[in-house]
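Structure file protein_3.pdb; described as PDB, C-alpha atoms, pLDDT in the B column.
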ATOM      1  CA  MET K 713      57.022  -5.936 -52.234  1.00 85.00           C
ATOM      2  CA  ILE K 714      54.094  -7.355 -54.155  1.00 89.00           C
ATOM      3  CA  PRO K 715      52.419 -10.617 -53.100  1.00 93.00           C
ATOM      4  CA  LEU K 716      54.130 -13.588 -54.689  1.00 94.00           C
ATOM      5  CA  LEU K 717      52.169 -16.546 -53.398  1.00 95.00           C
ATOM      6  CA  ALA K 718      48.641 -17.244 -52.193  1.00 95.00           C
ATOM      7  CA  PHE K 719      47.277 -20.185 -50.290  1.00 96.00           C
ATOM      8  CA  ILE K 720      43.604 -21.079 -50.368  1.00 95.00           C
ATOM      9  CA  ARG K 721      42.058 -23.948 -48.458  1.00 94.00           C
ATOM     10  CA  VAL K 722      38.393 -24.883 -48.575  1.00 92.00           C
ATOM     11  CA  GLN K 723      37.121 -27.653 -46.367  1.00 90.00           C
ATOM     12  CA  ALA K 724      33.486 -28.698 -46.353  1.00 86.00           C
ATOM     13  CA  ARG K 725      31.782 -31.502 -44.545  1.00 79.00           C
ATOM     14  CA  ALA K 726      29.572 -33.872 -46.496  1.00 75.00           C
ATOM     15  CA  ARG K 727      25.877 -32.942 -46.407  1.00 69.00           C
ATOM     16  CA  LEU K 728      23.750 -35.978 -45.692  1.00 69.00           C
ATOM     17  CA  SER K 729      20.278 -34.505 -45.806  1.00 68.00           C
ATOM     18  CA  ARG K 730      17.041 -36.065 -46.991  1.00 68.00           C
ATOM     19  CA  LYS K 731      15.411 -32.724 -47.704  1.00 71.00           C
ATOM     20  CA  LEU K 732      18.336 -31.022 -49.454  1.00 71.00           C
ATOM     21  CA  LYS K 733      20.496 -32.381 -52.220  1.00 72.00           C
ATOM     22  CA  PRO K 734      23.336 -34.365 -50.586  1.00 69.00           C
ATOM     23  CA  LEU K 735      26.796 -32.949 -51.144  1.00 72.00           C
ATOM     24  CA  PRO K 736      30.111 -34.803 -50.889  1.00 74.00           C
ATOM     25  CA  ALA K 737      32.884 -33.646 -48.574  1.00 79.00           C
ATOM     26  CA  ALA K 738      35.407 -31.313 -50.112  1.00 83.00           C
ATOM     27  CA  ASN K 739      38.970 -30.526 -49.205  1.00 88.00           C
ATOM     28  CA  ILE K 740      40.668 -28.183 -51.615  1.00 91.00           C
ATOM     29  CA  ARG K 741      44.170 -26.852 -51.021  1.00 94.00           C
ATOM     30  CA  LEU K 742      45.572 -24.455 -53.560  1.00 94.00           C
ATOM     31  CA  TRP K 743      48.977 -22.827 -53.665  1.00 95.00           C
ATOM     32  CA  ILE K 744      48.765 -20.086 -56.271  1.00 94.00           C
ATOM     33  CA  PRO K 745      52.076 -18.712 -57.575  1.00 94.00           C
ATOM     34  CA  LEU K 746      51.003 -15.119 -57.958  1.00 93.00           C
ATOM     35  CA  PHE K 747      54.315 -14.066 -59.456  1.00 92.00           C
ATOM     36  CA  LEU K 748      53.457 -16.149 -62.533  1.00 93.00           C
ATOM     37  CA  LEU K 749      50.036 -14.528 -62.662  1.00 91.00           C
ATOM     38  CA  TRP K 750      51.601 -11.061 -62.580  1.00 91.00           C
ATOM     39  CA  LEU K 751      53.944 -12.059 -65.392  1.00 92.00           C
ATOM     40  CA  LEU K 752      50.962 -13.227 -67.438  1.00 93.00           C
ATOM     41  CA  LEU K 753      49.062 -10.017 -66.721  1.00 91.00           C
ATOM     42  CA  LEU K 754      52.024  -7.771 -67.503  1.00 91.00           C
ATOM     43  CA  PRO K 755      51.221  -7.438 -71.238  1.00 92.00           C
ATOM     44  CA  PHE K 756      47.700  -6.282 -70.353  1.00 93.00           C
ATOM     45  CA  MET K 757      49.169  -3.450 -68.299  1.00 90.00           C
ATOM     46  CA  VAL K 758      50.248  -1.815 -71.555  1.00 91.00           C
ATOM     47  CA  VAL K 759      46.533  -1.368 -72.295  1.00 92.00           C
ATOM     48  CA  ILE K 760      45.234  -0.863 -68.745  1.00 92.00           C
ATOM     49  CA  VAL K 761      47.690   1.827 -67.598  1.00 92.00           C
ATOM     50  CA  PRO K 762      47.006   4.328 -70.431  1.00 93.00           C
ATOM     51  CA  LEU K 763      43.278   3.713 -69.991  1.00 94.00           C
ATOM     52  CA  MET K 764      43.601   4.408 -66.280  1.00 91.00           C
ATOM     53  CA  ILE K 765      45.555   7.595 -66.942  1.00 92.00           C
ATOM     54  CA  VAL K 766      42.799   8.806 -69.284  1.00 93.00           C
ATOM     55  CA  VAL K 767      40.090   8.014 -66.715  1.00 90.00           C
ATOM     56  CA  CYS K 768      42.078   9.829 -63.991  1.00 89.00           C
ATOM     57  CA  LEU K 769      42.443  12.897 -66.197  1.00 90.00           C
ATOM     58  CA  VAL K 770      38.711  12.875 -66.959  1.00 89.00           C
ATOM     59  CA  VAL K 771      37.776  12.806 -63.256  1.00 84.00           C
ATOM     60  CA  ARG K 772      40.591  15.299 -62.472  1.00 85.00           C
ATOM     61  CA  ILE K 773      42.781  13.084 -60.335  1.00 86.00           C
ATOM     62  CA  ASN K 774      46.549  13.071 -60.536  1.00 88.00           C
ATOM     63  CA  PRO K 775      47.151   9.776 -62.434  1.00 90.00           C
ATOM     64  CA  PHE K 776      50.616   9.232 -60.953  1.00 91.00           C
ATOM     65  CA  ARG K 777      49.276   9.647 -57.432  1.00 88.00           C
ATOM     66  CA  ALA K 778      46.450   7.239 -58.224  1.00 88.00           C
ATOM     67  CA  LEU K 779      48.876   4.683 -59.659  1.00 89.00           C
ATOM     68  CA  ALA K 780      51.117   5.019 -56.604  1.00 91.00           C
ATOM     69  CA  PHE K 781      48.180   4.471 -54.244  1.00 88.00           C
ATOM     70  CA  PHE K 782      46.936   1.462 -56.220  1.00 88.00           C
ATOM     71  CA  TRP K 783      50.439   0.020 -56.103  1.00 91.00           C
ATOM     72  CA  GLN K 784      50.520   0.527 -52.340  1.00 91.00           C
ATOM     73  CA  VAL K 785      47.201  -1.305 -51.942  1.00 91.00           C
ATOM     74  CA  PHE K 786      48.535  -4.084 -54.121  1.00 90.00           C
ATOM     75  CA  ALA K 787      51.773  -4.343 -52.127  1.00 92.00           C
ATOM     76  CA  GLY K 788      49.876  -4.050 -48.832  1.00 91.00           C
ATOM     77  CA  LEU K 789      47.984  -7.265 -49.530  1.00 93.00           C
ATOM     78  CA  ARG K 790      51.057  -9.235 -48.506  1.00 92.00           C
ATOM     79  CA  GLY K 791      50.576 -10.724 -45.055  1.00 92.00           C
ATOM     80  CA  THR K 792      46.795 -10.871 -45.258  1.00 94.00           C
ATOM     81  CA  ASN K 793      45.284 -13.835 -43.502  1.00 95.00           C
ATOM     82  CA  ILE K 794      41.594 -14.717 -43.472  1.00 94.00           C
ATOM     83  CA  GLU K 795      40.214 -17.771 -41.722  1.00 94.00           C
ATOM     84  CA  VAL K 796      36.502 -18.512 -41.469  1.00 92.00           C
ATOM     85  CA  ASN K 797      35.084 -21.641 -39.936  1.00 90.00           C
ATOM     86  CA  ASP K 798      31.373 -22.158 -39.338  1.00 84.00           C
ATOM     87  CA  GLY K 799      31.441 -25.789 -38.277  1.00 79.00           C
ATOM     88  CA  ASN K 800      30.168 -26.944 -41.654  1.00 81.00           C
ATOM     89  CA  ALA K 801      32.839 -25.405 -43.828  1.00 87.00           C
ATOM     90  CA  ALA K 802      36.187 -23.744 -43.370  1.00 90.00           C
ATOM     91  CA  VAL K 803      37.926 -21.334 -45.676  1.00 93.00           C
ATOM     92  CA  VAL K 804      41.507 -20.097 -45.294  1.00 94.00           C
ATOM     93  CA  VAL K 805      43.099 -17.455 -47.505  1.00 95.00           C
ATOM     94  CA  ARG K 806      46.700 -16.448 -46.958  1.00 95.00           C
ATOM     95  CA  ILE K 807      48.722 -14.110 -49.089  1.00 94.00           C
ATOM     96  CA  PHE K 808      52.500 -14.227 -48.902  1.00 92.00           C
TER      97      PHE K 808
ATOM     98  CA  MET E 138      78.941  -2.851  -0.205  1.00 56.00           C
ATOM     99  CA  ASN E 139      79.843  -3.866  -3.746  1.00 69.00           C
ATOM    100  CA  GLU E 140      82.761  -6.352  -3.886  1.00 76.00           C
ATOM    101  CA  ARG E 141      84.672  -4.379  -6.513  1.00 78.00           C
ATOM    102  CA  ARG E 142      84.272  -1.141  -4.630  1.00 80.00           C
ATOM    103  CA  LYS E 143      85.586  -2.928  -1.528  1.00 81.00           C
ATOM    104  CA  GLU E 144      88.620  -4.094  -3.489  1.00 83.00           C
ATOM    105  CA  VAL E 145      89.328  -0.536  -4.676  1.00 79.00           C
ATOM    106  CA  LEU E 146      89.096   0.761  -1.108  1.00 82.00           C
ATOM    107  CA  GLN E 147      91.378  -2.011   0.129  1.00 81.00           C
ATOM    108  CA  MET E 148      93.913  -1.117  -2.568  1.00 80.00           C
ATOM    109  CA  LEU E 149      93.701   2.510  -1.459  1.00 79.00           C
ATOM    110  CA  ALA E 150      94.153   1.530   2.187  1.00 82.00           C
ATOM    111  CA  ALA E 151      97.163  -0.631   1.253  1.00 81.00           C
ATOM    112  CA  GLY E 152      98.646   2.327  -0.571  1.00 80.00           C
ATOM    113  CA  LYS E 153      98.683   0.519  -3.921  1.00 78.00           C
ATOM    114  CA  ILE E 154      96.694   3.306  -5.600  1.00 78.00           C
ATOM    115  CA  THR E 155      96.277   7.008  -4.935  1.00 75.00           C
ATOM    116  CA  ALA E 156      93.032   8.685  -3.830  1.00 77.00           C
ATOM    117  CA  ASP E 157      92.538  10.122  -7.335  1.00 75.00           C
ATOM    118  CA  GLU E 158      92.924   6.713  -8.948  1.00 77.00           C
ATOM    119  CA  ALA E 159      90.485   5.208  -6.458  1.00 77.00           C
ATOM    120  CA  GLU E 160      87.950   7.927  -7.215  1.00 77.00           C
ATOM    121  CA  ARG E 161      88.259   7.318 -10.964  1.00 77.00           C
ATOM    122  CA  LEU E 162      87.876   3.546 -10.481  1.00 80.00           C
ATOM    123  CA  ILE E 163      84.783   3.979  -8.321  1.00 79.00           C
ATOM    124  CA  ALA E 164      83.287   6.391 -10.857  1.00 76.00           C
ATOM    125  CA  ALA E 165      83.912   3.820 -13.631  1.00 77.00           C
ATOM    126  CA  LEU E 166      82.218   1.119 -11.527  1.00 78.00           C
ATOM    127  CA  GLU E 167      79.189   3.389 -10.991  1.00 75.00           C
ATOM    128  CA  LYS E 168      78.931   3.977 -14.750  1.00 68.00           C
ATOM    129  CA  ASP E 169      79.005   0.213 -15.425  1.00 67.00           C
ATOM    130  CA  ARG E 170      76.197  -0.299 -12.935  1.00 65.00           C
ATOM    131  CA  GLU E 171      73.995   2.413 -14.458  1.00 61.00           C
ATOM    132  CA  ALA E 172      74.503   1.434 -18.124  1.00 56.00           C
ATOM    133  CA  PRO E 173      72.469  -1.840 -18.135  1.00 55.00           C
ATOM    134  CA  VAL E 174      69.551  -0.102 -16.382  1.00 52.00           C
ATOM    135  CA  GLY E 175      69.592   2.674 -18.994  1.00 51.00           C
ATOM    136  CA  ALA E 176      69.849   0.168 -21.840  1.00 52.00           C
ATOM    137  CA  SER E 177      66.869  -1.850 -20.599  1.00 53.00           C
ATOM    138  CA  ALA E 178      64.843   1.345 -20.214  1.00 51.00           C
ATOM    139  CA  ALA E 179      65.645   2.315 -23.809  1.00 52.00           C
ATOM    140  CA  ASN E 180      64.677  -1.181 -24.980  1.00 55.00           C
ATOM    141  CA  SER E 181      61.346  -1.072 -23.186  1.00 53.00           C
ATOM    142  CA  GLU E 182      60.673   2.349 -24.701  1.00 53.00           C
ATOM    143  CA  THR E 183      61.289   1.043 -28.233  1.00 51.00           C
ATOM    144  CA  GLN E 184      59.079  -1.955 -27.481  1.00 52.00           C
ATOM    145  CA  VAL E 185      56.279   0.344 -26.370  1.00 55.00           C
ATOM    146  CA  LYS E 186      56.689   2.589 -29.378  1.00 60.00           C
ATOM    147  CA  ALA E 187      57.056  -0.267 -31.895  1.00 72.00           C
ATOM    148  CA  LYS E 188      54.516   0.274 -34.608  1.00 77.00           C
ATOM    149  CA  PRO E 189      51.941  -2.465 -35.065  1.00 82.00           C
ATOM    150  CA  LYS E 190      52.103  -4.413 -38.307  1.00 87.00           C
ATOM    151  CA  TYR E 191      48.685  -5.996 -38.395  1.00 90.00           C
ATOM    152  CA  LEU E 192      45.096  -5.340 -37.416  1.00 89.00           C
ATOM    153  CA  ARG E 193      43.492  -8.497 -36.063  1.00 92.00           C
ATOM    154  CA  VAL E 194      39.812  -9.320 -35.868  1.00 92.00           C
ATOM    155  CA  VAL E 195      38.941 -12.497 -33.994  1.00 92.00           C
ATOM    156  CA  VAL E 196      35.348 -13.655 -33.716  1.00 90.00           C
ATOM    157  CA  ASP E 197      34.213 -16.715 -31.840  1.00 88.00           C
ATOM    158  CA  ALA E 198      30.454 -16.900 -32.055  1.00 84.00           C
ATOM    159  CA  GLY E 199      27.803 -19.522 -31.465  1.00 74.00           C
ATOM    160  CA  GLY E 200      25.986 -20.654 -34.605  1.00 59.00           C
ATOM    161  CA  ASP E 201      22.658 -19.213 -33.477  1.00 61.00           C
ATOM    162  CA  SER E 202      24.006 -15.906 -32.181  1.00 61.00           C
ATOM    163  CA  GLU E 203      23.405 -12.629 -33.981  1.00 62.00           C
ATOM    164  CA  ILE E 204      27.140 -12.101 -34.501  1.00 58.00           C
ATOM    165  CA  GLY E 205      27.450 -15.637 -35.847  1.00 58.00           C
ATOM    166  CA  HIS E 206      24.753 -14.922 -38.434  1.00 60.00           C
ATOM    167  CA  ALA E 207      26.385 -11.605 -39.320  1.00 60.00           C
ATOM    168  CA  PHE E 208      29.542 -13.525 -40.245  1.00 58.00           C
ATOM    169  CA  GLY E 209      27.583 -16.014 -42.322  1.00 56.00           C
ATOM    170  CA  GLY E 210      27.302 -18.598 -39.598  1.00 54.00           C
ATOM    171  CA  SER E 211      24.841 -21.430 -39.728  1.00 55.00           C
ATOM    172  CA  LYS E 212      23.179 -23.725 -37.240  1.00 58.00           C
ATOM    173  CA  HIS E 213      25.803 -26.383 -37.840  1.00 59.00           C
ATOM    174  CA  GLY E 214      28.189 -25.079 -35.254  1.00 68.00           C
ATOM    175  CA  PRO E 215      30.040 -22.111 -33.866  1.00 79.00           C
ATOM    176  CA  THR E 216      31.470 -19.560 -36.258  1.00 85.00           C
ATOM    177  CA  LYS E 217      35.139 -18.744 -35.913  1.00 90.00           C
ATOM    178  CA  VAL E 218      36.653 -15.893 -37.844  1.00 92.00           C
ATOM    179  CA  ASN E 219      40.292 -14.894 -37.707  1.00 93.00           C
ATOM    180  CA  ILE E 220      41.305 -11.977 -39.904  1.00 94.00           C
ATOM    181  CA  ARG E 221      44.725 -10.357 -40.093  1.00 94.00           C
ATOM    182  CA  VAL E 222      44.974  -7.210 -42.164  1.00 92.00           C
ATOM    183  CA  PRO E 223      48.385  -5.602 -42.734  1.00 91.00           C
ATOM    184  CA  MET E 224      48.585  -1.999 -41.526  1.00 88.00           C
ATOM    185  CA  GLN E 225      50.216  -1.138 -44.837  1.00 88.00           C
ATOM    186  CA  LEU E 226      46.964  -2.109 -46.560  1.00 90.00           C
ATOM    187  CA  LEU E 227      44.987   0.145 -44.216  1.00 85.00           C
ATOM    188  CA  ARG E 228      47.371   2.996 -44.931  1.00 84.00           C
ATOM    189  CA  ALA E 229      47.054   2.477 -48.673  1.00 87.00           C
ATOM    190  CA  GLY E 230      43.273   2.187 -48.358  1.00 85.00           C
ATOM    191  CA  VAL E 231      42.999   5.515 -46.559  1.00 82.00           C
ATOM    192  CA  LYS E 232      45.222   7.136 -49.170  1.00 82.00           C
ATOM    193  CA  LEU E 233      43.069   5.655 -51.898  1.00 83.00           C
ATOM    194  CA  ALA E 234      39.942   6.993 -50.186  1.00 81.00           C
ATOM    195  CA  SER E 235      41.446  10.490 -50.423  1.00 79.00           C
ATOM    196  CA  LEU E 236      41.392  10.089 -54.216  1.00 81.00           C
ATOM    197  CA  ILE E 237      37.612   9.730 -54.324  1.00 81.00           C
ATOM    198  CA  PRO E 238      36.206  12.853 -56.006  1.00 79.00           C
ATOM    199  CA  PRO E 239      34.199  15.143 -53.646  1.00 78.00           C
ATOM    200  CA  GLN E 240      30.974  14.498 -55.561  1.00 80.00           C
ATOM    201  CA  ALA E 241      31.355  10.751 -55.077  1.00 83.00           C
ATOM    202  CA  GLN E 242      32.319  11.189 -51.415  1.00 83.00           C
ATOM    203  CA  VAL E 243      28.838  12.572 -50.712  1.00 86.00           C
ATOM    204  CA  TYR E 244      27.274   9.381 -52.093  1.00 88.00           C
ATOM    205  CA  VAL E 245      29.693   7.175 -50.158  1.00 86.00           C
ATOM    206  CA  ASN E 246      29.031   9.103 -46.927  1.00 86.00           C
ATOM    207  CA  ASP E 247      25.270   8.742 -47.458  1.00 89.00           C
ATOM    208  CA  ALA E 248      25.598   5.019 -48.101  1.00 89.00           C
ATOM    209  CA  LEU E 249      27.729   4.616 -44.964  1.00 87.00           C
ATOM    210  CA  ARG E 250      25.226   6.625 -42.917  1.00 88.00           C
ATOM    211  CA  GLU E 251      22.438   4.324 -44.106  1.00 89.00           C
ATOM    212  CA  LYS E 252      24.467   1.407 -42.748  1.00 85.00           C
ATOM    213  CA  GLY E 253      24.843   3.205 -39.419  1.00 85.00           C
ATOM    214  CA  LEU E 254      28.425   4.422 -39.938  1.00 82.00           C
ATOM    215  CA  THR E 255      28.700   8.160 -39.545  1.00 82.00           C
ATOM    216  CA  VAL E 256      32.097   8.580 -41.193  1.00 78.00           C
ATOM    217  CA  ASP E 257      33.012  11.642 -43.212  1.00 79.00           C
ATOM    218  CA  LEU E 258      35.452  10.523 -45.903  1.00 77.00           C
ATOM    219  CA  SER E 259      36.491  14.091 -46.632  1.00 76.00           C
ATOM    220  CA  GLN E 260      38.064  14.171 -43.152  1.00 78.00           C
ATOM    221  CA  LEU E 261      40.252  11.164 -43.946  1.00 75.00           C
ATOM    222  CA  LYS E 262      43.445  12.717 -45.250  1.00 73.00           C
ATOM    223  CA  PRO E 263      46.894  11.184 -45.765  1.00 68.00           C
ATOM    224  CA  GLU E 264      48.341  13.922 -43.520  1.00 72.00           C
ATOM    225  CA  ASN E 265      46.355  12.573 -40.561  1.00 75.00           C
ATOM    226  CA  LEU E 266      47.098   8.988 -41.399  1.00 72.00           C
ATOM    227  CA  GLU E 267      49.994   8.370 -39.032  1.00 76.00           C
ATOM    228  CA  GLU E 268      47.962   9.826 -36.184  1.00 78.00           C
ATOM    229  CA  LEU E 269      45.149   7.433 -37.047  1.00 75.00           C
ATOM    230  CA  ILE E 270      47.513   4.441 -37.177  1.00 76.00           C
ATOM    231  CA  ASP E 271      49.056   5.458 -33.845  1.00 77.00           C
ATOM    232  CA  GLY E 272      45.553   5.652 -32.417  1.00 78.00           C
ATOM    233  CA  LEU E 273      44.800   2.185 -33.738  1.00 76.00           C
ATOM    234  CA  SER E 274      47.902   0.743 -32.076  1.00 76.00           C
ATOM    235  CA  ASP E 275      46.517   1.700 -28.680  1.00 77.00           C
ATOM    236  CA  MET E 276      43.077   0.387 -29.534  1.00 78.00           C
ATOM    237  CA  THR E 277      41.690  -2.904 -28.301  1.00 83.00           C
ATOM    238  CA  VAL E 278      38.039  -3.782 -28.628  1.00 84.00           C
ATOM    239  CA  ASP E 279      36.738  -6.764 -26.709  1.00 85.00           C
ATOM    240  CA  VAL E 280      33.084  -7.680 -26.948  1.00 84.00           C
ATOM    241  CA  VAL E 281      32.064 -10.558 -24.750  1.00 84.00           C
ATOM    242  CA  ASP E 282      28.529 -11.806 -25.106  1.00 80.00           C
ATOM    243  CA  LYS E 283      27.002 -15.003 -23.714  1.00 79.00           C
ATOM    244  CA  ASP E 284      27.129 -16.512 -27.226  1.00 80.00           C
ATOM    245  CA  ALA E 285      29.967 -14.636 -28.831  1.00 85.00           C
ATOM    246  CA  LYS E 286      33.370 -13.076 -28.346  1.00 88.00           C
ATOM    247  CA  VAL E 287      34.773 -10.425 -30.647  1.00 89.00           C
ATOM    248  CA  ALA E 288      38.254  -8.980 -30.319  1.00 90.00           C
ATOM    249  CA  VAL E 289      39.756  -6.257 -32.465  1.00 89.00           C
ATOM    250  CA  PHE E 290      43.359  -5.343 -31.750  1.00 88.00           C
ATOM    251  CA  CYS E 291      46.693  -4.483 -33.329  1.00 86.00           C
ATOM    252  CA  GLU E 292      49.857  -6.576 -33.152  1.00 84.00           C
TER     253      GLU E 292
END
Whole structure given in structure tokens:
Amino acid sequence: MIPLLAFIRVQARARLSRKLKPLPAANIRLWIPLFLLWLLLLPFMVVIVPLMIVVCLVVRINPFRALAFFWQVFAGLRGTNIEVNDGNAAVVVRIF
Amino acid sequence: MNERRKEVLQMLAAGKITADEAERLIAALEKDREAPVGASAANSETQVKAKPKYLRVVVDAGGDSEIGHAFGGSKHGPTKVNIRVPMQLLRAGVKLASLIPPQAQVYVNDALREKGLTVDLSQLKPENLEELIDGLSDMTVDVVDKDAKVAVFCE
């Protein structure tokens, strides 16, 4: 199953420095409905897929195998979770 | 002695059941006693053999430590990294690596060697993939430094 939703959170503390340019605190939370994005990108696939098949044939790779593997990578993204926190900023990326 | 077995023997002594019937009842009681043990053993075996779903990388490093800097840490505080990668993505990645043309694999291998990773991509084949994933499920890497802790494991 392909990823349908992504969650991105970016938290940054305010920078109150005299030497560097001061930066305000940031707290961004984004829920991205990926299924809508895929629907929007679907028309472009009509162009991308034939182009990919041509490229695969040029480099002598089975295009159907390549497409299957790309699809697997795409579907495998579901469940990915990345959290990084360095004390000054925190970033969370979750793919559902 | 088991209470039920005692009851069967008492029934036999009282003449309520024959010796054959008593034997069959005792055999049935023995079976009942063995079944839960067997079931729990089978459960534990499936638990042991359950395939991992994710590869986890957990880093807890001090801001000034080398590992902290490697993960983009700053002097503002400790760096904490928690990454969960689905095994399915690893599988697909290895399969995708097998699609790299042999000419390009030489360049990739050279680039990896420059970074200190002596990996031969031509040896990564989808046929050996399950073996690799099984190997990963048994793998746990724990690095404990005075400033940093790194754990790589499967769950």
Can you list every residue of chain K that has an atom at most 8 Å from chain E, with its nearest atom pair and the distance in Å to one decimal, using all atoms listed in the file, ordered by chain then number, as JSON lines?
{"residue": "K:Val771", "atom": "CA", "partner": "E:Pro238", "partner_atom": "CA", "distance": 7.4}
{"residue": "K:Ile773", "atom": "CA", "partner": "E:Leu236", "partner_atom": "CA", "distance": 7.0}
{"residue": "K:Ala778", "atom": "CA", "partner": "E:Leu236", "partner_atom": "CA", "distance": 7.1}
{"residue": "K:Phe781", "atom": "CA", "partner": "E:Leu233", "partner_atom": "CA", "distance": 5.7}
{"residue": "K:Phe782", "atom": "CA", "partner": "E:Leu233", "partner_atom": "CA", "distance": 7.2}
{"residue": "K:Gln784", "atom": "CA", "partner": "E:Ala229", "partner_atom": "CA", "distance": 5.4}
{"residue": "K:Val785", "atom": "CA", "partner": "E:Ala229", "partner_atom": "CA", "distance": 5.0}
{"residue": "K:Phe786", "atom": "CA", "partner": "E:Leu226", "partner_atom": "CA", "distance": 8.0}
{"residue": "K:Ala787", "atom": "CA", "partner": "E:Leu226", "partner_atom": "CA", "distance": 7.7}
{"residue": "K:Gly788", "atom": "CA", "partner": "E:Leu226", "partner_atom": "CA", "distance": 4.2}
{"residue": "K:Leu789", "atom": "CA", "partner": "E:Leu226", "partner_atom": "CA", "distance": 6.0}
{"residue": "K:Arg790", "atom": "CA", "partner": "E:Pro223", "partner_atom": "CA", "distance": 7.3}
{"residue": "K:Gly791", "atom": "CA", "partner": "E:Pro223", "partner_atom": "CA", "distance": 6.0}
{"residue": "K:Thr792", "atom": "CA", "partner": "E:Val222", "partner_atom": "CA", "distance": 5.1}
{"residue": "K:Asn793", "atom": "CA", "partner": "E:Arg221", "partner_atom": "CA", "distance": 4.9}
{"residue": "K:Ile794", "atom": "CA", "partner": "E:Ile220", "partner_atom": "CA", "distance": 4.5}
{"residue": "K:Glu795", "atom": "CA", "partner": "E:Asn219", "partner_atom": "CA", "distance": 4.9}
{"residue": "K:Val796", "atom": "CA", "partner": "E:Val218", "partner_atom": "CA", "distance": 4.5}
{"residue": "K:Asn797", "atom": "CA", "partner": "E:Lys217", "partner_atom": "CA", "distance": 5.0}
{"residue": "K:Asp798", "atom": "CA", "partner": "E:Thr216", "partner_atom": "CA", "distance": 4.0}
{"residue": "K:Gly799", "atom": "CA", "partner": "E:Gly214", "partner_atom": "CA", "distance": 4.5}
{"residue": "K:Asn800", "atom": "CA", "partner": "E:His213", "partner_atom": "CA", "distance": 5.8}
Notebook entry, point to check: Interatomic distance between atom CA of E:Glu268 and atom CA of E:Lys188?
Noted result: 11.7 Å
Margin query: Please report the interatomic distance between atom CA of E:Gln240 and atom CA of E:Asp257 in Å with one decimal.
Written below: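 If I compute the distance from atom CA of E:Gln240 to atom CA of E:Asp257, I get 12.8 Å.
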Next item on the list: Excluding K:Leu779 and any residue of its chain fewer than 5 positions from it, enumerate the residues within 9 Å of it, using all atoms listed in the file, and give them as a ChimeraX atom specification.
Entry: /K:761,764-765,774,784
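Straight-line separation from atom CA of K:Val804 to atom CA of K:Leu732: 26.0 Å.
The closest residue to K:Met713, picked from K:Arg725, K:Phe747, K:Leu753, K:Phe776 and counting all atoms listed in the file, is K:Phe747.
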Checklist line | Of the listed residues E:Ile163, E:Ala187, E:Ala248, E:Ala285, that which approaches E:Ile270 most closely, counting all atoms listed in the file | finding: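 Among E:Ile163, E:Ala187, E:Ala248, E:Ala285, it is E:Ala187 that comes nearest to E:Ile270.
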Output: stretch 736-748 of chain K of the preceding structure, restricted to N, CA and C atoms, written as a PDB file, in the first residue's frame.
ATOM      1  N   PRO K 736      13.127  34.349  15.130  1.00  0.00           N
ATOM      2  CA  PRO K 736      11.996  34.040  16.022  1.00  0.00           C
ATOM      3  C   PRO K 736      11.814  32.530  16.171  1.00  0.00           C
ATOM      4  N   ALA K 737      11.093  32.151  17.212  1.00  0.00           N
ATOM      5  CA  ALA K 737      10.806  30.720  17.418  1.00  0.00           C
ATOM      6  C   ALA K 737       9.832  30.241  16.344  1.00  0.00           C
ATOM      7  N   ALA K 738       9.973  28.993  15.996  1.00  0.00           N
ATOM      8  CA  ALA K 738       9.086  28.452  14.954  1.00  0.00           C
ATOM      9  C   ALA K 738       8.505  27.136  15.418  1.00  0.00           C
ATOM     10  N   ASN K 739       7.277  26.925  15.116  1.00  0.00           N
ATOM     11  CA  ASN K 739       6.624  25.651  15.425  1.00  0.00           C
ATOM     12  C   ASN K 739       5.663  25.329  14.274  1.00  0.00           C
ATOM     13  N   ILE K 740       6.142  24.518  13.391  1.00  0.00           N
ATOM     14  CA  ILE K 740       5.341  24.198  12.196  1.00  0.00           C
ATOM     15  C   ILE K 740       4.883  22.744  12.279  1.00  0.00           C
ATOM     16  N   ARG K 741       3.615  22.539  12.129  1.00  0.00           N
ATOM     17  CA  ARG K 741       3.051  21.175  12.101  1.00  0.00           C
ATOM     18  C   ARG K 741       2.266  21.038  10.808  1.00  0.00           C
ATOM     19  N   LEU K 742       2.664  20.077  10.024  1.00  0.00           N
ATOM     20  CA  LEU K 742       2.005  19.893   8.723  1.00  0.00           C
ATOM     21  C   LEU K 742       1.510  18.465   8.565  1.00  0.00           C
ATOM     22  N   TRP K 743       0.243  18.332   8.252  1.00  0.00           N
ATOM     23  CA  TRP K 743      -0.304  17.027   7.878  1.00  0.00           C
ATOM     24  C   TRP K 743      -0.495  17.094   6.370  1.00  0.00           C
ATOM     25  N   ILE K 744       0.234  16.293   5.648  1.00  0.00           N
ATOM     26  CA  ILE K 744       0.154  16.347   4.180  1.00  0.00           C
ATOM     27  C   ILE K 744      -0.636  15.148   3.657  1.00  0.00           C
ATOM     28  N   PRO K 745      -1.789  15.394   3.057  1.00  0.00           N
ATOM     29  CA  PRO K 745      -2.555  14.267   2.480  1.00  0.00           C
ATOM     30  C   PRO K 745      -1.908  13.811   1.172  1.00  0.00           C
ATOM     31  N   LEU K 746      -1.068  12.822   1.284  1.00  0.00           N
ATOM     32  CA  LEU K 746      -0.312  12.378   0.111  1.00  0.00           C
ATOM     33  C   LEU K 746      -1.209  11.791  -0.980  1.00  0.00           C
ATOM     34  N   PHE K 747      -2.339  11.226  -0.555  1.00  0.00           N
ATOM     35  CA  PHE K 747      -3.211  10.621  -1.571  1.00  0.00           C
ATOM     36  C   PHE K 747      -3.705  11.671  -2.567  1.00  0.00           C
ATOM     37  N   LEU K 748      -3.872  12.913  -2.083  1.00  0.00           N
ATOM     38  CA  LEU K 748      -4.280  13.992  -2.998  1.00  0.00           C
ATOM     39  C   LEU K 748      -3.133  14.355  -3.942  1.00  0.00           C
TER      40      LEU K 748
END
